[in-house]
Amino acid sequence: MEKEGYITLTYRMRFYDKHVDWLSKTAVLYNRVVKHYYELLAQRTDLLSMSNFYLMRELEILSVGTREMKKAGEKAAFSLVDFPVIPLYFRRAAINCAISMMRSFQARKITGASMAEKFSAAPVYYKGMYKELKEGSVLLKVFTGEKWKWQQYRFCGRKIPKESVILSPAVYMGEEQAYLHIPVQKTVEDIRTVAERMKTEDKIFALAFPGGDSIAVGALISRTGEFLKASFFRGGLELKAKRKRLIRKWKKGEKKYLKKIENVNTYYAHLISRQILDFCKREGVTVIVVPNYRQAIDFSNKGYLKTDNFEWIGRRVIRYLKYKGFSEGILVSKVPVYGISNSCSVCGEKIRRYNDGHTPGRNYYGGQLFICSNGHRGNSGLNTARNVGKRFLSYF
């Protein structure tokens with residue numbers, strides 16, 4: 001029996017250029033307010049024993065005061081005297097952000113974490129700070145540097161499903177552009193675990209990511225281990241050619257091409273993950289199995305450039321499959337990688353790999369094809385995918 005649940009997805013919309021400077025000024029003010037409450041909590045850590053609801057109320061009293069205090073002419077202990085007028089819901093969003101940051105610091109303090117010094121949070125817009133959110137535009141309350149003003153902003157991006165629930169959006173400032181992130185709560189019809197599903201599922205879809213023209217290779221396998229169908233998700237050579245041109249320009253010192261490399265990888269990862277999910281929906285599959293690859297290794301001082309930015313996007317495809325699949329009732333499970341690419345999926349013997357036109361000699365280990373000592377042969381990527389599925393089914 002299927003279990004219903006929910007998932008929250010974030011839709012990223014790009015603002016057009018009109019009055020982006022006001023968004024930037026609003027973000028600066030927001031982070032000043034966050035810092036004010038963060039430093040207040042640093043002095044009054046005893047307040048962190050409260051629930052967030054009562055803690056927010058206490059922080060408002062400490063910074064704004066009560067009606068009785070105002071009538072008596074009393075000032076709040078941590079007054080926002082150095083700030084312009086701060087709207088109620090703007091202040092509450094900043095308070096929630098400061099509470100989260102301080103709780104996080106307290107949890108990590110034992111590991112030697114230090115308190116925040118720079119604040120660059122994205123302003124969260126509660127109702128009362130935005131209205132008329134519709135396809136392509138939204139009315140935001142922004143700080144112009146002198147006063148608060150309602151300003152309509154146009155944006156572009158994906159369409160938000162009509163049946164979903166929209167949560168509080170946030171404004172993110174990029175280096176050159178501003179973005180509206182809209183969290184959307186979507187109903188998921190089936191949130192059963194993999195173990196629960198495998199009591200009734202009659203087939204799975206196992207994947208491998210060989211890194212050639214086939215970015216991903218899939219094997220549809222029955223619950224009893226019978227191989228049913230193969231599917232190749234191509235585009236690797238096209239991706240490599242585009243990326244090669246961009247990398248050449250980036251190495252000449254044109255830094256803007258680094259972002260373009262990232263965008264190309266993102267596009268193909270989204271494309272392949274969507275093709276895989278569409279295949280699973282056509283075949284009635286709700287469990288995808290992938291190799292448990294380790295995290296990509298950084299090779300830059302800033303920790304930004306990852307190996308799959310330049311060579312291989314398998315991890316990225318898996319990452320997209322996980323959140324996209326869950327929202328559509330499809331789960332992704334992982335299995336250990338040892339032995340999945342160097343043994344025959346039929347008999348378990350060691351394999352030798354080769355390309356068309358080459359003789360699979362004793363010392364030849366590369367290539368898209370394989371042969372084993374028992375004469376089994378075929379596509380090495382598909383062989384790996386079948387091994388992935390075989391290992392997964394052995395657990396059940």
# chains A, B, ... in the order shown; residues from 1 in each chain; ligands from 1
call {"tool": "residues_around", "arguments": {"residues": "stretch 89-94 of chain A", "least_positions_apart": "4", "cutoff": "8 Å", "atoms": "only C-alpha atoms", "output": "CSV table (one decimal) with all heavy atoms, in the first residue's frame"}}
result
chain,number,residue,atom,x,y,z
A,30,TYR,N,19.1,43.7,5.7
A,30,TYR,CA,18.7,42.4,6.3
A,30,TYR,C,19.8,41.8,7.2
A,30,TYR,O,19.6,41.4,8.3
A,30,TYR,CB,18.3,41.5,5.2
A,30,TYR,CG,17.8,40.1,5.7
A,30,TYR,CD1,16.5,40.0,6.2
A,30,TYR,CD2,18.6,39.0,5.6
A,30,TYR,CE1,16.0,38.7,6.6
A,30,TYR,CE2,18.1,37.8,6.1
A,30,TYR,CZ,16.9,37.6,6.5
A,30,TYR,OH,16.4,36.4,6.9
A,31,ASN,N,21.0,41.8,6.6
A,31,ASN,CA,22.2,41.2,7.3
A,31,ASN,C,22.7,42.0,8.5
A,31,ASN,O,23.2,41.5,9.4
A,31,ASN,CB,23.3,40.9,6.3
A,31,ASN,CG,23.0,39.6,5.5
A,31,ASN,OD1,23.2,38.5,5.9
A,31,ASN,ND2,22.6,39.8,4.2
A,33,VAL,N,20.5,43.5,10.4
A,33,VAL,CA,19.6,43.2,11.4
A,33,VAL,C,19.9,41.8,12.0
A,33,VAL,O,19.8,41.5,13.2
A,33,VAL,CB,18.1,43.2,10.9
A,33,VAL,CG1,17.1,42.8,11.9
A,33,VAL,CG2,17.8,44.6,10.4
A,34,VAL,N,20.2,40.8,11.1
A,34,VAL,CA,20.6,39.5,11.5
A,34,VAL,C,21.8,39.6,12.5
A,34,VAL,O,21.8,38.9,13.5
A,34,VAL,CB,21.0,38.6,10.3
A,34,VAL,CG1,21.6,37.3,10.7
A,34,VAL,CG2,19.8,38.3,9.4
A,37,TYR,N,20.8,40.7,16.0
A,37,TYR,CA,20.2,39.6,16.9
A,37,TYR,C,21.2,38.5,17.2
A,37,TYR,O,21.1,37.9,18.3
A,37,TYR,CB,18.9,39.1,16.2
A,37,TYR,CG,17.8,40.1,16.3
A,37,TYR,CD1,17.4,40.9,15.2
A,37,TYR,CD2,17.1,40.3,17.5
A,37,TYR,CE1,16.4,41.8,15.3
A,37,TYR,CE2,16.1,41.2,17.6
A,37,TYR,CZ,15.7,42.0,16.5
A,37,TYR,OH,14.7,42.9,16.6
A,56,MET,N,11.7,34.0,19.8
A,56,MET,CA,11.4,35.2,18.9
A,56,MET,C,10.7,36.3,19.7
A,56,MET,O,11.0,37.5,19.6
A,56,MET,CB,10.6,34.7,17.7
A,56,MET,CG,10.2,35.9,16.8
A,56,MET,SD,9.2,35.5,15.4
A,56,MET,CE,10.4,34.8,14.4
A,98,ALA,N,19.0,34.6,12.6
A,98,ALA,CA,20.0,34.7,13.7
A,98,ALA,C,19.9,33.6,14.6
A,98,ALA,O,20.9,33.0,15.1
A,98,ALA,CB,19.8,36.0,14.4
A,123,PRO,N,17.8,37.5,2.1
A,123,PRO,CA,16.5,37.9,2.8
A,123,PRO,C,15.4,37.0,2.5
A,123,PRO,O,15.1,36.7,1.3
A,123,PRO,CB,16.3,39.3,2.2
A,123,PRO,CG,17.6,39.8,1.7
A,123,PRO,CD,18.3,38.5,1.3
A,124,VAL,N,14.7,36.5,3.5
A,124,VAL,CA,13.5,35.7,3.3
A,124,VAL,C,12.3,36.6,3.4
A,124,VAL,O,12.1,37.4,4.3
A,124,VAL,CB,13.4,34.6,4.4
A,124,VAL,CG1,12.1,33.8,4.3
A,124,VAL,CG2,14.6,33.7,4.3
A,125,TYR,N,11.4,36.5,2.5
A,125,TYR,CA,10.2,37.3,2.4
A,125,TYR,C,9.0,36.6,2.9
A,125,TYR,O,8.4,35.7,2.3
A,125,TYR,CB,10.0,37.8,0.9
A,125,TYR,CG,10.7,39.0,0.6
A,125,TYR,CD1,12.1,38.9,0.3
A,125,TYR,CD2,10.1,40.2,0.5
A,125,TYR,CE1,12.8,40.1,0.0
A,125,TYR,CE2,10.8,41.4,0.1
A,125,TYR,CZ,12.2,41.3,-0.1
A,125,TYR,OH,12.9,42.4,-0.4
A,126,TYR,N,8.6,36.9,4.2
A,126,TYR,CA,7.3,36.4,4.7
A,126,TYR,C,6.2,37.1,4.1
A,126,TYR,O,6.3,38.2,3.5
A,126,TYR,CB,7.3,36.6,6.2
A,126,TYR,CG,8.3,35.7,7.0
A,126,TYR,CD1,8.5,36.0,8.4
A,126,TYR,CD2,8.9,34.6,6.4
A,126,TYR,CE1,9.4,35.2,9.1
A,126,TYR,CE2,9.8,33.8,7.1
A,126,TYR,CZ,10.1,34.1,8.5
A,126,TYR,OH,10.9,33.3,9.2
A,127,LYS,N,5.0,36.6,4.2
A,127,LYS,CA,3.8,37.3,3.7
A,127,LYS,C,3.7,38.6,4.5
A,127,LYS,O,3.8,38.6,5.7
A,127,LYS,CB,2.5,36.4,3.9
A,127,LYS,CG,2.4,35.4,2.9
A,127,LYS,CD,1.1,34.6,2.9
A,127,LYS,CE,1.0,33.7,1.7
A,127,LYS,NZ,-0.3,32.9,1.8
A,128,GLY,N,3.4,39.6,3.8
A,128,GLY,CA,3.5,41.0,4.4
A,128,GLY,C,4.6,41.8,3.8
A,128,GLY,O,4.6,43.0,3.8
A,129,MET,N,5.6,41.0,3.3
A,129,MET,CA,6.8,41.6,2.6
A,129,MET,C,6.7,41.3,1.1
A,129,MET,O,7.5,41.9,0.3
A,129,MET,CB,8.1,41.1,3.2
A,129,MET,CG,8.4,41.6,4.6
A,129,MET,SD,8.6,43.3,4.7
A,129,MET,CE,10.1,43.6,3.7
call {"tool": "residues_around", "arguments": {"residues": "stretch 38-52 of chain A", "least_positions_apart": "5", "cutoff": "8 Å", "atoms": "only C-alpha atoms", "output": "list in words"}}
result
Phe78, Asn96, Ala98, Ile99, Met101, Met102 and Arg103 of chain A
call {"tool": "write_last_selection", "arguments": {"atoms": "N, CA, C and O atoms", "output": "PDB file, in the first residue's frame"}}
result
ATOM      1  N   PHE A  78      18.086  46.229  23.972  1.00  0.00           N
ATOM      2  CA  PHE A  78      18.892  46.070  22.748  1.00  0.00           C
ATOM      3  C   PHE A  78      18.147  46.724  21.584  1.00  0.00           C
ATOM      4  O   PHE A  78      17.832  46.090  20.588  1.00  0.00           O
ATOM      5  N   ASN A  96      14.674  34.873  12.923  1.00  0.00           N
ATOM      6  CA  ASN A  96      14.735  33.425  12.693  1.00  0.00           C
ATOM      7  C   ASN A  96      16.082  33.006  12.129  1.00  0.00           C
ATOM      8  O   ASN A  96      16.631  31.967  12.489  1.00  0.00           O
ATOM      9  N   ALA A  98      18.972  34.586  12.591  1.00  0.00           N
ATOM     10  CA  ALA A  98      19.964  34.715  13.665  1.00  0.00           C
ATOM     11  C   ALA A  98      19.867  33.557  14.644  1.00  0.00           C
ATOM     12  O   ALA A  98      20.890  33.034  15.111  1.00  0.00           O
ATOM     13  N   ILE A  99      18.654  33.135  14.967  1.00  0.00           N
ATOM     14  CA  ILE A  99      18.461  31.996  15.881  1.00  0.00           C
ATOM     15  C   ILE A  99      19.079  30.735  15.290  1.00  0.00           C
ATOM     16  O   ILE A  99      19.788  29.988  15.972  1.00  0.00           O
ATOM     17  N   MET A 101      21.469  30.499  13.051  1.00  0.00           N
ATOM     18  CA  MET A 101      22.927  30.625  13.021  1.00  0.00           C
ATOM     19  C   MET A 101      23.528  30.399  14.402  1.00  0.00           C
ATOM     20  O   MET A 101      24.546  29.711  14.543  1.00  0.00           O
ATOM     21  N   MET A 102      22.891  30.939  15.453  1.00  0.00           N
ATOM     22  CA  MET A 102      23.438  30.776  16.794  1.00  0.00           C
ATOM     23  C   MET A 102      23.277  29.339  17.289  1.00  0.00           C
ATOM     24  O   MET A 102      24.171  28.788  17.917  1.00  0.00           O
ATOM     25  N   ARG A 103      22.147  28.713  17.004  1.00  0.00           N
ATOM     26  CA  ARG A 103      21.978  27.306  17.393  1.00  0.00           C
ATOM     27  C   ARG A 103      23.001  26.423  16.683  1.00  0.00           C
ATOM     28  O   ARG A 103      23.542  25.482  17.258  1.00  0.00           O
TER      29      ARG A 103
END
call {"tool": "select_by_dssp", "arguments": {"residues": "stretch 148-296 of chain A", "states": "helix (DSSP H, G or I)", "output": "PyMOL selection string"}}
result
chain A and resi 194-197+236-251+256-283
call {"tool": "residues_around", "arguments": {"residues": "A:Gly212", "least_positions_apart": "5", "cutoff": "9 Å", "atoms": "only C-alpha atoms", "output": "NGL selection string"}}
result
:A and (234-237 or 368)
call {"tool": "residues_around", "arguments": {"residues": "A:Leu80", "least_positions_apart": "3", "cutoff": "10 Å", "atoms": "only C-alpha atoms", "output": "PDB file with N, CA, C and O atoms, in the first residue's frame"}}
result
ATOM      1  N   VAL A  33      20.541  43.530  10.400  1.00  0.00           N
ATOM      2  CA  VAL A  33      19.570  43.151  11.430  1.00  0.00           C
ATOM      3  C   VAL A  33      19.886  41.751  11.961  1.00  0.00           C
ATOM      4  O   VAL A  33      19.817  41.496  13.169  1.00  0.00           O
ATOM      5  N   HIS A  36      22.681  42.027  14.380  1.00  0.00           N
ATOM      6  CA  HIS A  36      22.238  42.628  15.646  1.00  0.00           C
ATOM      7  C   HIS A  36      21.683  41.547  16.579  1.00  0.00           C
ATOM      8  O   HIS A  36      22.059  41.478  17.760  1.00  0.00           O
ATOM      9  N   TYR A  37      20.811  40.682  16.046  1.00  0.00           N
ATOM     10  CA  TYR A  37      20.196  39.645  16.886  1.00  0.00           C
ATOM     11  C   TYR A  37      21.166  38.506  17.189  1.00  0.00           C
ATOM     12  O   TYR A  37      21.090  37.888  18.252  1.00  0.00           O
ATOM     13  N   LEU A  62      13.161  42.476  23.779  1.00  0.00           N
ATOM     14  CA  LEU A  62      14.480  43.037  24.091  1.00  0.00           C
ATOM     15  C   LEU A  62      14.905  44.110  23.092  1.00  0.00           C
ATOM     16  O   LEU A  62      15.712  44.978  23.417  1.00  0.00           O
ATOM     17  N   SER A  63      14.390  44.051  21.876  1.00  0.00           N
ATOM     18  CA  SER A  63      14.838  44.991  20.845  1.00  0.00           C
ATOM     19  C   SER A  63      13.815  46.062  20.499  1.00  0.00           C
ATOM     20  O   SER A  63      14.176  47.169  20.091  1.00  0.00           O
ATOM     21  N   VAL A  64      12.535  45.749  20.650  1.00  0.00           N
ATOM     22  CA  VAL A  64      11.484  46.696  20.287  1.00  0.00           C
ATOM     23  C   VAL A  64      10.717  47.170  21.516  1.00  0.00           C
ATOM     24  O   VAL A  64      10.241  48.302  21.571  1.00  0.00           O
ATOM     25  N   ALA A  76      13.982  49.772  24.995  1.00  0.00           N
ATOM     26  CA  ALA A  76      14.359  48.356  25.003  1.00  0.00           C
ATOM     27  C   ALA A  76      15.860  48.227  25.240  1.00  0.00           C
ATOM     28  O   ALA A  76      16.645  49.098  24.853  1.00  0.00           O
ATOM     29  N   ALA A  77      16.249  47.129  25.911  1.00  0.00           N
ATOM     30  CA  ALA A  77      17.657  46.935  26.281  1.00  0.00           C
ATOM     31  C   ALA A  77      18.563  46.853  25.064  1.00  0.00           C
ATOM     32  O   ALA A  77      19.710  47.312  25.090  1.00  0.00           O
ATOM     33  N   PHE A  83      19.052  51.789  13.339  1.00  0.00           N
ATOM     34  CA  PHE A  83      18.494  51.268  12.095  1.00  0.00           C
ATOM     35  C   PHE A  83      17.335  52.144  11.622  1.00  0.00           C
ATOM     36  O   PHE A  83      16.698  52.825  12.426  1.00  0.00           O
ATOM     37  N   PRO A  84      17.062  52.099  10.329  1.00  0.00           N
ATOM     38  CA  PRO A  84      15.816  52.719   9.864  1.00  0.00           C
ATOM     39  C   PRO A  84      14.633  51.897  10.371  1.00  0.00           C
ATOM     40  O   PRO A  84      14.826  50.856  10.995  1.00  0.00           O
ATOM     41  N   VAL A  85      13.428  52.351  10.109  1.00  0.00           N
ATOM     42  CA  VAL A  85      12.249  51.586  10.519  1.00  0.00           C
ATOM     43  C   VAL A  85      12.297  50.194   9.876  1.00  0.00           C
ATOM     44  O   VAL A  85      12.491  50.070   8.664  1.00  0.00           O
ATOM     45  N   ILE A  86      12.150  49.156  10.717  1.00  0.00           N
ATOM     46  CA  ILE A  86      12.218  47.784  10.219  1.00  0.00           C
ATOM     47  C   ILE A  86      10.816  47.181  10.241  1.00  0.00           C
ATOM     48  O   ILE A  86      10.210  47.052  11.306  1.00  0.00           O
TER      49      ILE A  86
END
call {"tool": "closest_residue", "arguments": {"among": "A:Val346, A:Leu382, A:Ile276, A:Leu271", "to": "A:Gly325", "atoms": "only C-alpha atoms"}}
result
A:Ile276
call {"tool": "closest_residue", "arguments": {"among": "A:Thr200, A:Ser24, A:Ser114, A:Thr10", "to": "A:Ala178", "atoms": "only C-alpha atoms"}}
result
A:Ser24
call {"tool": "closest_residue", "arguments": {"among": "A:Leu220, A:Ala122, A:Val289, A:Leu207", "to": "A:Ser168", "atoms": "only C-alpha atoms"}}
result
A:Ala122
call {"tool": "atom_distance", "arguments": {"atom1": "atom CA of A:Tyr130", "atom2": "atom CA of A:Ala170"}}
result
10.3 Å
call {"tool": "closest_residue", "arguments": {"among": "A:Leu258, A:Glu226, A:His270, A:Glu283", "to": "A:Arg245", "atoms": "only C-alpha atoms"}}
result
A:Leu258
call {"tool": "closest_residue", "arguments": {"among": "A:Leu88, A:Cys347, A:Val335, A:Ile313", "to": "A:Phe209", "atoms": "only C-alpha atoms"}}
result
A:Ile313
call {"tool": "closest_residue", "arguments": {"among": "A:Val317, A:Met69, A:Val285, A:Met13", "to": "A:Phe155", "atoms": "only C-alpha atoms"}}
result
A:Met13
